[in-house]
$ cat query35.txt   # compact mmCIF, C-alpha atoms
# COMPACT_ATOMS: atom_id res chain seq x y z
CA MET A 16 -27.10 -4.80 33.13
CA ALA A 17 -25.43 -8.23 32.98
CA GLN A 18 -28.45 -9.57 31.09
CA GLU A 19 -28.23 -6.76 28.50
CA ARG A 20 -24.48 -7.35 28.13
CA ARG A 21 -25.15 -11.05 27.48
CA ALA A 22 -27.73 -10.08 24.85
CA ALA A 23 -25.17 -7.78 23.19
CA LEU A 24 -22.58 -10.59 23.22
CA GLU A 25 -25.07 -12.96 21.58
CA LEU A 26 -25.46 -10.50 18.70
CA LEU A 27 -21.80 -11.14 17.80
CA GLN A 28 -22.83 -14.64 16.67
CA ARG A 29 -25.07 -13.26 13.94
CA PRO A 30 -23.88 -13.37 10.29
CA GLY A 31 -21.65 -10.41 9.50
CA ASN A 32 -21.03 -9.46 13.13
CA ALA A 33 -18.19 -11.93 13.73
CA ARG A 34 -15.72 -9.62 11.97
CA CYS A 35 -14.94 -5.94 12.45
CA ALA A 36 -17.23 -3.84 10.24
CA ASP A 37 -14.31 -1.63 9.18
CA CYS A 38 -11.12 -3.71 8.88
CA GLY A 39 -12.47 -7.28 8.78
CA ASP A 40 -10.49 -8.58 11.76
CA PRO A 41 -12.16 -11.52 13.54
CA ASP A 42 -13.79 -11.39 16.98
CA PRO A 43 -14.70 -7.72 17.40
CA ASP A 44 -15.63 -6.91 20.98
CA TRP A 45 -16.42 -3.21 20.70
CA ALA A 46 -19.47 -1.54 19.13
CA SER A 47 -20.68 1.81 17.93
CA TYR A 48 -24.10 1.98 19.57
CA THR A 49 -25.07 5.01 17.45
CA LEU A 50 -24.15 3.42 14.10
CA GLY A 51 -25.09 -0.14 15.00
CA VAL A 52 -21.77 -1.78 14.03
CA PHE A 53 -19.46 -4.20 15.82
CA ILE A 54 -15.80 -3.22 15.55
CA CYS A 55 -12.36 -4.17 16.88
CA LEU A 56 -10.50 -2.28 19.61
CA SER A 57 -8.19 -0.63 17.07
CA CYS A 58 -11.02 0.70 14.89
CA SER A 59 -12.92 1.87 17.98
CA GLY A 60 -10.10 4.40 18.44
CA PHE A 61 -10.88 5.94 15.04
CA HIS A 62 -14.59 6.05 15.91
CA ARG A 63 -13.73 8.03 19.05
CA ASN A 64 -12.36 10.74 16.73
CA ILE A 65 -15.85 11.29 15.26
CA PRO A 66 -18.01 11.54 18.43
CA GLN A 67 -20.64 13.60 16.61
CA VAL A 68 -21.39 10.47 14.54
CA SER A 69 -20.19 7.47 16.52
CA ARG A 70 -20.26 6.56 20.20
CA VAL A 71 -18.47 3.37 21.23
CA LYS A 72 -18.44 0.97 24.15
CA SER A 73 -17.06 -2.45 24.98
CA VAL A 74 -19.43 -5.35 24.40
CA ARG A 75 -17.83 -7.30 27.24
CA LEU A 76 -16.94 -4.67 29.85
CA ASP A 77 -19.34 -1.73 29.57
CA ALA A 78 -22.94 -1.44 30.76
CA TRP A 79 -25.69 -1.72 28.14
CA ASP A 80 -29.34 -0.74 28.37
CA ASP A 81 -32.32 -2.30 26.59
CA ALA A 82 -32.63 0.47 23.98
CA GLN A 83 -28.97 0.16 22.95
CA VAL A 84 -29.16 -3.63 22.64
CA GLU A 85 -32.38 -3.31 20.61
CA PHE A 86 -30.71 -0.78 18.28
CA MET A 87 -27.75 -3.13 17.72
CA ALA A 88 -30.16 -6.03 17.10
CA THR A 89 -32.08 -4.15 14.39
CA HIS A 90 -28.87 -2.94 12.73
CA GLY A 91 -25.54 -4.83 12.80
CA ASN A 92 -22.68 -5.03 10.33
CA GLU A 93 -24.58 -6.34 7.30
CA VAL A 94 -27.25 -3.63 7.53
CA ALA A 95 -24.57 -0.96 8.01
CA ARG A 96 -22.58 -2.25 5.03
CA ALA A 97 -25.67 -2.10 2.82
CA THR A 98 -26.15 1.51 3.94
CA TYR A 99 -22.74 3.10 4.36
CA GLU A 100 -20.88 1.10 1.68
CA ARG A 101 -23.70 1.07 -0.85
CA ARG A 102 -21.79 2.91 -3.62
CA VAL A 103 -18.10 2.23 -2.94
CA PRO A 104 -16.33 2.48 -6.33
CA ALA A 105 -14.60 -0.72 -7.43
CA PHE A 106 -11.21 1.03 -7.46
CA TYR A 107 -11.53 2.52 -3.94
CA TYR A 108 -9.02 0.97 -1.54
CA ARG A 109 -10.64 -0.91 1.34
CA PRO A 110 -8.01 -1.11 4.09
CA SER A 111 -7.37 -4.04 6.41
CA SER A 112 -5.88 -4.07 9.90
CA ALA A 113 -2.42 -4.41 8.29
CA ASP A 114 -2.69 -1.00 6.61
CA CYS A 115 -1.42 2.32 7.95
CA THR A 116 -3.37 4.50 10.37
CA LEU A 117 -4.14 7.12 7.71
CA LEU A 118 -5.88 4.72 5.32
CA ARG A 119 -7.93 3.12 8.08
CA GLU A 120 -9.05 6.39 9.67
CA GLN A 121 -9.98 8.00 6.34
CA TRP A 122 -11.96 4.89 5.32
CA ILE A 123 -14.00 5.20 8.53
CA ARG A 124 -14.45 8.96 8.12
CA ALA A 125 -15.43 8.54 4.44
CA LYS A 126 -18.08 5.97 5.36
CA TYR A 127 -19.72 7.43 8.42
CA GLU A 128 -18.71 11.09 8.77
CA ARG A 129 -18.69 12.23 5.13
CA GLN A 130 -21.03 9.46 3.86
CA GLU A 131 -19.20 9.43 0.53
CA PHE A 132 -20.55 6.03 -0.46
CA MET A 133 -24.18 7.04 0.08
CA HIS A 134 -23.74 10.20 -2.03
CA PRO A 135 -21.62 9.61 -5.17
CA ASP A 136 -21.34 13.35 -5.85
CA ARG A 137 -19.02 13.48 -2.81
CA GLN A 138 -16.60 11.13 -4.60
CA GLU A 139 -15.56 13.71 -7.19
CA PRO A 140 -12.08 14.34 -5.69
CA TYR A 141 -11.01 10.85 -6.79
CA SER A 142 -13.63 9.90 -9.40
CA ALA A 143 -13.54 12.87 -11.80
CA GLY A 144 -10.68 11.57 -13.99
CA TYR A 145 -8.67 14.75 -13.40
CA ARG A 146 -6.99 16.09 -10.29
CA GLU A 147 -4.43 18.79 -9.62
CA GLY A 148 -2.91 20.28 -6.50
CA LEU A 149 0.21 20.94 -4.49
CA LEU A 150 2.09 18.17 -2.71
CA TRP A 151 5.31 18.20 -0.72
CA LYS A 152 7.92 16.26 -2.75
CA ARG A 153 11.33 15.15 -1.54
CA GLY A 154 14.17 16.53 -3.64
CA ARG A 155 16.19 13.87 -5.45
CA ASP A 156 19.59 15.29 -4.53
CA ASN A 157 19.26 17.45 -1.41
CA GLY A 158 16.55 15.50 0.46
CA GLN A 159 14.48 18.63 1.17
CA PHE A 160 10.70 18.53 0.78
CA LEU A 161 9.48 21.26 -1.56
CA SER A 162 5.97 22.18 -2.68
CA ARG A 163 5.29 20.97 -6.23
CA LYS A 164 2.24 21.12 -8.49
CA PHE A 165 0.91 17.70 -9.54
CA VAL A 166 -1.62 17.02 -12.30
CA LEU A 167 -3.31 13.66 -12.86
CA THR A 168 -5.20 13.20 -16.12
CA GLU A 169 -6.95 9.96 -17.08
CA ARG A 170 -7.43 11.20 -20.64
CA GLU A 171 -3.66 11.42 -21.16
CA GLY A 172 -2.99 8.41 -18.92
CA ALA A 173 -0.36 10.35 -17.00
CA LEU A 174 0.66 11.93 -13.71
CA LYS A 175 2.80 15.05 -14.15
CA TYR A 176 4.60 17.33 -11.76
CA PHE A 177 5.90 20.86 -12.25
CA ASN A 178 8.78 22.58 -10.47
CA ARG A 179 6.80 25.83 -10.43
CA ALA A 180 3.05 26.37 -10.22
CA ASP A 181 3.20 28.58 -13.35
CA ALA A 182 5.57 26.32 -15.33
CA LYS A 183 4.40 25.48 -18.85
CA GLU A 184 6.29 22.19 -19.16
CA PRO A 185 6.26 19.40 -16.56
CA LYS A 186 9.46 18.28 -14.88
CA ALA A 187 8.33 14.66 -15.27
CA VAL A 188 5.54 12.74 -16.99
CA MET A 189 4.69 9.39 -15.41
CA LYS A 190 2.62 6.97 -17.46
CA ILE A 191 -0.26 5.47 -15.49
CA GLU A 192 0.55 2.13 -17.15
CA HIS A 193 3.75 1.76 -15.09
CA LEU A 194 2.80 3.69 -11.95
CA ASN A 195 2.37 2.40 -8.40
CA ALA A 196 1.55 4.14 -5.12
CA THR A 197 1.95 2.81 -1.59
CA PHE A 198 1.80 4.54 1.78
CA GLN A 199 5.17 4.54 3.58
CA PRO A 200 4.78 6.72 6.71
CA ALA A 201 7.69 5.19 8.66
CA LYS A 202 10.15 5.38 5.77
CA ILE A 203 9.19 8.92 4.73
CA GLY A 204 8.90 10.16 8.32
CA HIS A 205 5.41 11.60 7.92
CA ALA A 206 2.07 10.02 8.84
CA HIS A 207 0.72 10.90 5.36
CA GLY A 208 3.82 9.79 3.40
CA LEU A 209 3.14 8.23 -0.01
CA GLN A 210 5.75 6.56 -2.22
CA VAL A 211 5.00 6.75 -5.95
CA THR A 212 7.08 4.66 -8.35
CA TYR A 213 7.19 4.57 -12.12
CA LEU A 214 9.47 3.14 -14.79
CA LYS A 215 12.00 5.39 -16.47
CA ASP A 216 14.16 3.67 -19.12
CA ASN A 217 13.08 0.35 -17.58
CA SER A 218 14.47 1.36 -14.19
CA THR A 219 12.33 2.20 -11.17
CA ARG A 220 12.14 5.86 -10.12
CA ASN A 221 10.85 6.73 -6.63
CA LEU A 222 8.98 9.87 -5.58
CA PHE A 223 8.31 10.54 -1.89
CA LEU A 224 5.31 12.77 -1.23
CA TYR A 225 2.99 13.97 1.50
CA HIS A 226 0.22 16.46 2.21
CA GLU A 227 -0.57 17.89 5.64
CA ASP A 228 -4.27 17.05 5.14
CA GLY A 229 -4.87 13.31 5.48
CA LYS A 230 -8.04 13.34 3.37
CA GLU A 231 -6.17 15.07 0.53
CA MET A 232 -3.48 12.40 0.51
CA VAL A 233 -5.96 9.50 0.51
CA ASP A 234 -7.96 11.23 -2.24
CA TRP A 235 -4.77 11.41 -4.34
CA PHE A 236 -4.10 7.73 -3.67
CA ASN A 237 -7.60 6.70 -4.75
CA ALA A 238 -7.50 9.06 -7.76
CA LEU A 239 -4.32 7.25 -8.91
CA ARG A 240 -6.08 3.90 -8.42
CA ALA A 241 -9.07 5.20 -10.42
CA ALA A 242 -6.76 6.25 -13.27
CA ARG A 243 -5.08 2.83 -13.22
CA PHE A 244 -8.52 1.18 -13.24
CA HIS A 245 -9.57 3.22 -16.28
CA TYR A 246 -6.33 2.36 -18.10
CA LEU A 247 -6.68 -1.37 -17.38
CA GLN A 248 -10.34 -1.41 -18.43
CA VAL A 249 -9.27 -0.06 -21.84
CA ALA A 250 -6.21 -2.34 -22.08
CA PHE A 251 -8.14 -5.49 -21.06
CA PRO A 252 -11.75 -4.92 -22.20
CA GLY A 253 -12.90 -8.44 -21.32
CA ALA A 254 -11.52 -8.46 -17.79
CA SER A 255 -13.82 -8.34 -14.75
CA ASP A 256 -13.47 -5.83 -11.91
CA ALA A 257 -12.29 -8.71 -9.70
CA ASP A 258 -9.43 -9.35 -12.14
CA LEU A 259 -8.39 -5.70 -12.38
CA VAL A 260 -8.71 -4.41 -8.80
CA PRO A 261 -5.67 -6.35 -7.43
CA LYS A 262 -3.54 -4.69 -10.14
CA LEU A 263 -4.39 -1.09 -9.20
CA SER A 264 -1.71 -0.66 -6.53
CA ARG A 265 0.54 -2.98 -4.59
CA ASN A 266 2.37 -2.94 -1.31
CA TYR A 267 5.93 -4.20 -1.24
CA LEU A 268 6.37 -7.87 -0.41
CA LYS A 269 9.31 -7.09 1.89
CA GLU A 270 11.73 -4.27 2.69
CA GLY A 271 14.76 -3.95 4.92
CA TYR A 272 18.53 -3.91 5.18
CA MET A 273 20.72 -6.74 3.91
CA GLU A 274 24.37 -6.91 2.93
CA LYS A 275 25.45 -7.81 -0.59
CA THR A 276 28.64 -8.48 -2.49
CA GLY A 277 29.47 -7.87 -6.15
CA PRO A 278 29.26 -10.19 -9.16
CA LYS A 279 32.73 -11.70 -8.62
CA HIS A 280 31.90 -12.56 -4.98
CA THR A 281 35.35 -11.29 -3.99
CA GLU A 282 34.28 -7.71 -3.24
CA GLY A 283 33.47 -6.76 0.33
CA PHE A 284 29.91 -6.99 1.58
CA ARG A 285 28.07 -3.67 1.76
CA LYS A 286 24.91 -2.78 3.64
CA ARG A 287 22.04 -1.85 1.32
CA TRP A 288 18.32 -1.18 1.63
CA PHE A 289 16.36 -3.82 -0.30
CA THR A 290 12.81 -3.58 -1.63
CA MET A 291 10.91 -6.55 -3.06
CA ASP A 292 8.35 -5.11 -5.49
CA ASP A 293 6.59 -8.05 -7.11
CA ARG A 294 9.34 -9.65 -9.27
CA ARG A 295 11.79 -6.76 -8.91
CA LEU A 296 14.31 -6.96 -6.09
CA MET A 297 15.88 -3.51 -5.84
CA TYR A 298 18.70 -2.28 -3.65
CA PHE A 299 19.49 1.25 -2.56
CA LYS A 300 22.24 2.94 -0.59
CA ASP A 301 19.53 4.83 1.32
CA PRO A 302 15.82 3.94 1.67
CA LEU A 303 14.86 7.37 0.25
CA ASP A 304 17.05 7.25 -2.86
CA ALA A 305 15.29 8.24 -6.08
CA PHE A 306 16.89 5.42 -8.09
CA ALA A 307 18.03 1.92 -7.15
CA ARG A 308 21.73 1.03 -7.29
CA GLY A 309 20.63 -2.21 -8.91
CA GLU A 310 17.59 -4.30 -9.74
CA VAL A 311 17.34 -8.06 -9.96
CA PHE A 312 14.50 -9.82 -11.78
CA ILE A 313 13.17 -12.78 -9.79
CA GLY A 314 11.61 -15.30 -12.16
CA SER A 315 10.02 -18.67 -11.50
CA ARG A 316 11.55 -22.00 -10.57
CA ASP A 317 10.63 -23.36 -14.01
CA SER A 318 12.83 -20.65 -15.56
CA GLY A 319 15.90 -21.54 -13.50
CA TYR A 320 15.48 -19.33 -10.44
CA ALA A 321 15.99 -20.55 -6.87
CA VAL A 322 16.43 -19.17 -3.35
CA LEU A 323 18.83 -21.00 -1.03
CA GLU A 324 19.52 -20.46 2.66
CA GLY A 325 23.18 -19.80 3.42
CA LEU A 326 26.20 -18.78 1.37
CA PRO A 327 28.81 -20.92 -0.42
CA PRO A 328 31.42 -22.09 2.14
CA THR A 329 34.18 -20.35 0.17
CA THR A 330 32.54 -16.89 0.44
CA PRO A 331 35.28 -14.46 1.59
CA GLY A 332 35.00 -11.32 3.69
CA LEU A 333 33.20 -10.14 6.79
CA HIS A 334 29.42 -10.14 6.55
CA TRP A 335 26.27 -10.64 8.60
CA PRO A 336 25.85 -14.25 9.73
CA HIS A 337 22.62 -15.33 8.02
CA GLY A 338 23.13 -15.78 4.30
CA ILE A 339 20.82 -16.06 1.29
CA THR A 340 21.84 -17.15 -2.22
CA ILE A 341 19.59 -16.14 -5.11
CA VAL A 342 20.18 -18.28 -8.19
CA THR A 343 19.29 -16.76 -11.57
CA PRO A 344 20.09 -18.09 -15.07
CA GLU A 345 22.91 -15.54 -15.38
CA ARG A 346 24.56 -15.52 -11.94
CA ARG A 347 24.21 -16.02 -8.21
CA PHE A 348 23.53 -13.13 -5.85
CA LEU A 349 24.96 -13.44 -2.35
CA LEU A 350 23.13 -11.60 0.44
CA ALA A 351 23.40 -11.62 4.23
CA CYS A 352 20.88 -10.78 6.98
CA GLU A 353 21.60 -9.55 10.48
CA SER A 354 19.19 -11.97 12.19
CA SER A 355 17.76 -15.42 11.50
CA ALA A 356 14.23 -13.92 11.71
CA GLU A 357 15.06 -11.49 8.89
CA GLN A 358 16.61 -14.32 6.88
CA ARG A 359 13.45 -16.42 7.24
CA ALA A 360 11.22 -13.50 6.27
CA TRP A 361 13.28 -12.71 3.15
CA VAL A 362 13.51 -16.37 2.10
CA GLN A 363 9.74 -16.72 2.48
CA ALA A 364 9.06 -13.59 0.41
CA LEU A 365 11.54 -14.56 -2.31
CA ARG A 366 10.39 -18.16 -2.54
CA GLY A 367 6.79 -17.02 -2.74
CA VAL A 368 7.71 -15.23 -5.97
CA VAL A 369 9.87 -18.05 -7.34
CA GLU A 370 7.11 -20.64 -6.77
CA ARG A 371 4.62 -18.50 -8.72
CA PRO A 372 4.40 -19.29 -12.47
CA MET A 373 5.40 -16.39 -14.68
CA LEU A 374 2.74 -14.57 -16.69
CA PRO A 375 3.30 -14.00 -20.44
CA GLN A 376 3.99 -10.29 -19.94
CA GLU A 377 6.58 -11.12 -17.24
CA TYR A 378 8.69 -12.98 -19.79
CA ALA A 379 8.85 -9.74 -21.76
CA VAL A 380 9.97 -7.87 -18.62
CA GLU A 381 12.63 -10.52 -18.00
CA ALA A 382 13.90 -10.25 -21.57
CA HIS A 383 14.30 -6.48 -21.38
CA PHE A 384 15.44 -6.37 -17.78
CA LYS A 385 18.56 -4.43 -16.91
CA HIS A 386 20.09 -4.79 -13.51
CA LYS A 387 22.99 -2.63 -12.42
CA PRO A 388 25.94 -4.62 -11.05

$ encode --input "query35.txt" --output "structure tokens"
Amino acid sequence: MAQERRAALELLQRPGNARCADCGDPDPDWASYTLGVFICLSCSGFHRNIPQVSRVKSVRLDAWDDAQVEFMATHGNEVARATYERRVPAFYYRPSSADCTLLREQWIRAKYERQEFMHPDRQEPYSAGYREGLLWKRGRDNGQFLSRKFVLTEREGALKYFNRADAKEPKAVMKIEHLNATFQPAKIGHAHGLQVTYLKDNSTRNLFLYHEDGKEMVDWFNALRAARFHYLQVAFPGASDADLVPKLSRNYLKEGYMEKTGPKHTEGFRKRWFTMDDRRLMYFKDPLDAFARGEVFIGSRDSGYAVLEGLPPTTPGLHWPHGITIVTPERRFLLACESSAEQRAWVQALRGVVERPMLPQEYAVEAHFKHKP
């Protein structure tokens, strides 16, 4: 048995086997001996949920027999990828180990259990260009989740929702051009929680949604990405898939509580929830607010923006001990973090944006930007 285990370990040195077949993490030391893939410990847990398709064991700790080692030798991650990922649409989100449990599990189920990327006809729920269904949506004012009808149409370039299933007119129409979707299970308090944002009068509006069926929610997410992909292909006809795919959806650069003071710097510091969404730094009274209390555009260093550690020595009032000063051409924003670790993380996120040159379209956003004091 030790000899077979050594042979299995040696297979990890082959091209493609040095990273998890599902999330890409380095040094996988588990394997599905029925699918012929090497995977990490975390992904092996998802494989255990589909025992009719995948059986897993540790490469280092479990016993292996000759037939299992031979099967792994004739398969491996590259062969599996060519089989199970043969027809993955360009817009389909491929999760990493940093993504939420739902995305990672549904990626594994889509590949091996449902074999969606071997049979394109099984991709219709997110590839058809039209999707409608009921989702639980958090009410803007009362915080209750209520069932609402949603309709996504690529032809109109819009996502709509209706307060009643038989309503003729939508409650809101969200243009795909300005729409983003990101999974936020911890914030929303549901494992399938999705945050959808869009621009309304140049301010960000948040919707918080979920569906009890995990596949349904991931299908909605990928349908939104497909609609964005279609829109961008029309808007930028010369662009390659590699250029467009990073623009389909984005996770927030950083979120968390900080304290802030007002524009005169004499007002008391107040605790607010901050979200860094690309170049928009938004702050909310509550993480699940529909609208931000204010938004700050974070430009580039060349345009007069800077991020400084600490606060001016004359800053009055009680506040958390670890300050950050954001310098913009119009004013300085004074913020405070509860811990030095949070301060470092925010400074890193903010400086990452400031050090990035602005794109031509971002100058237009800056020119029209409205932040609420």

$ closest_residue --input "query35.txt" --among "A:Arg155, A:His193, A:His62, A:Arg70" --to "A:Phe223" --atoms "all atoms listed in the file"
A:Arg155

$ residues_around --input "query35.txt" --residues "A:Thr116" --least-positions-apart "5" --cutoff "10 Å" --atoms "all atoms listed in the file" --output "short mmCIF file (atom, residue, chain, number, x, y, z; two decimals) with C-alpha atoms, in the coordinates of the input"
data_model
loop_
_atom_site.label_atom_id
_atom_site.label_comp_id
_atom_site.auth_asym_id
_atom_site.auth_seq_id
_atom_site.Cartn_x
_atom_site.Cartn_y
_atom_site.Cartn_z
CA SER A 57 -8.19 -0.63 17.07
CA CYS A 58 -11.02 0.70 14.89
CA PHE A 61 -10.88 5.94 15.04
CA PRO A 110 -8.01 -1.11 4.09
CA GLN A 121 -9.98 8.00 6.34
CA TRP A 122 -11.96 4.89 5.32
CA PRO A 200 4.78 6.72 6.71
CA ALA A 206 2.07 10.02 8.84
CA HIS A 207 0.72 10.90 5.36
#

$ closest_residue --input "query35.txt" --among "A:Ala356, A:Cys38, A:Leu209, A:Ile313" --to "A:Ala113" --atoms "all atoms listed in the file"
A:Cys38

$ closest_residue --input "query35.txt" --among "A:Gly319, A:Gly367, A:Gly51, A:Gly154" --to "A:Lys269" --atoms "all atoms listed in the file"
A:Gly367

$ atom_distance --input "query35.txt" --atom1 "atom CA of A:Lys215" --atom2 "atom CA of A:Val322"
28.2 Å

$ closest_residue --input "query35.txt" --among "A:Leu303, A:Met273, A:Leu259, A:Ala95" --to "A:Thr49" --atoms "only C-alpha atoms"
A:Ala95

$ closest_atom_pairs --input "query35.txt" --of "stretch 153-240 of chain A" --to "stretch 285-297 of chain A" --cutoff "12 Å" --atoms "all atoms listed in the file" --output "Markdown table"
| residue | atom | partner | partner_atom | distance |
| --- | --- | --- | --- | --- |
| A:Asn195 | CA | A:Asp292 | CA | 10.0 |
| A:Ala196 | CA | A:Asp292 | CA | 11.5 |
| A:Thr197 | CA | A:Asp292 | CA | 10.9 |
| A:Lys202 | CA | A:Trp288 | CA | 11.3 |
| A:Thr212 | CA | A:Asp292 | CA | 10.3 |
| A:Tyr213 | CA | A:Asp292 | CA | 11.8 |
| A:Leu214 | CA | A:Arg295 | CA | 11.7 |
| A:Asn217 | CA | A:Arg295 | CA | 11.3 |
| A:Ser218 | CA | A:Met297 | CA | 9.8 |
| A:Thr219 | CA | A:Met297 | CA | 8.6 |
| A:Arg220 | CA | A:Met297 | CA | 11.0 |
| A:Asn221 | CA | A:Met297 | CA | 11.4 |

$ atom_distance --input "query35.txt" --atom1 "atom CA of A:Leu149" --atom2 "atom CA of A:Phe165"
6.0 Å

$ residues_around --input "query35.txt" --residues "stretch 340-354 of chain A" --least-positions-apart "5" --cutoff "6 Å" --atoms "all atoms listed in the file" --output "PyMOL selection string"
chain A and resi 273-275+319-323+326+335

$ atom_distance --input "query35.txt" --atom1 "atom CA of A:Thr98" --atom2 "atom CA of A:Phe132"
8.4 Å

$ closest_residue --input "query35.txt" --among "A:Phe299, A:Tyr225, A:Tyr267, A:Tyr99" --to "A:Tyr127" --atoms "all atoms listed in the file"
A:Tyr99

$ closest_residue --input "query35.txt" --among "A:Trp79, A:Arg34, A:Leu222, A:Gln67" --to "A:Asp156" --atoms "all atoms listed in the file"
A:Leu222

$ residues_around --input "query35.txt" --residues "stretch 175-192 of chain A" --least-positions-apart "2" --cutoff "8 Å" --atoms "only C-alpha atoms" --output "CSV table (one decimal) with C-alpha atoms, in the frame of the given file"
chain,number,residue,atom,x,y,z
A,163,ARG,CA,5.3,21.0,-6.2
A,164,LYS,CA,2.2,21.1,-8.5
A,165,PHE,CA,0.9,17.7,-9.5
A,166,VAL,CA,-1.6,17.0,-12.3
A,167,LEU,CA,-3.3,13.7,-12.9
A,172,GLY,CA,-3.0,8.4,-18.9
A,173,ALA,CA,-0.4,10.4,-17.0
A,194,LEU,CA,2.8,3.7,-12.0
A,213,TYR,CA,7.2,4.6,-12.1
A,214,LEU,CA,9.5,3.1,-14.8
A,239,LEU,CA,-4.3,7.2,-8.9
A,242,ALA,CA,-6.8,6.2,-13.3
A,243,ARG,CA,-5.1,2.8,-13.2
A,246,TYR,CA,-6.3,2.4,-18.1

$ residues_near_point --input "query35.txt" --point "(-15.8, -2.5, 21.1)" --cutoff "6 Å" --atoms "all atoms listed in the file" --output "VMD selection string"
chain A and resid 44 to 46 54 to 56 72 to 74
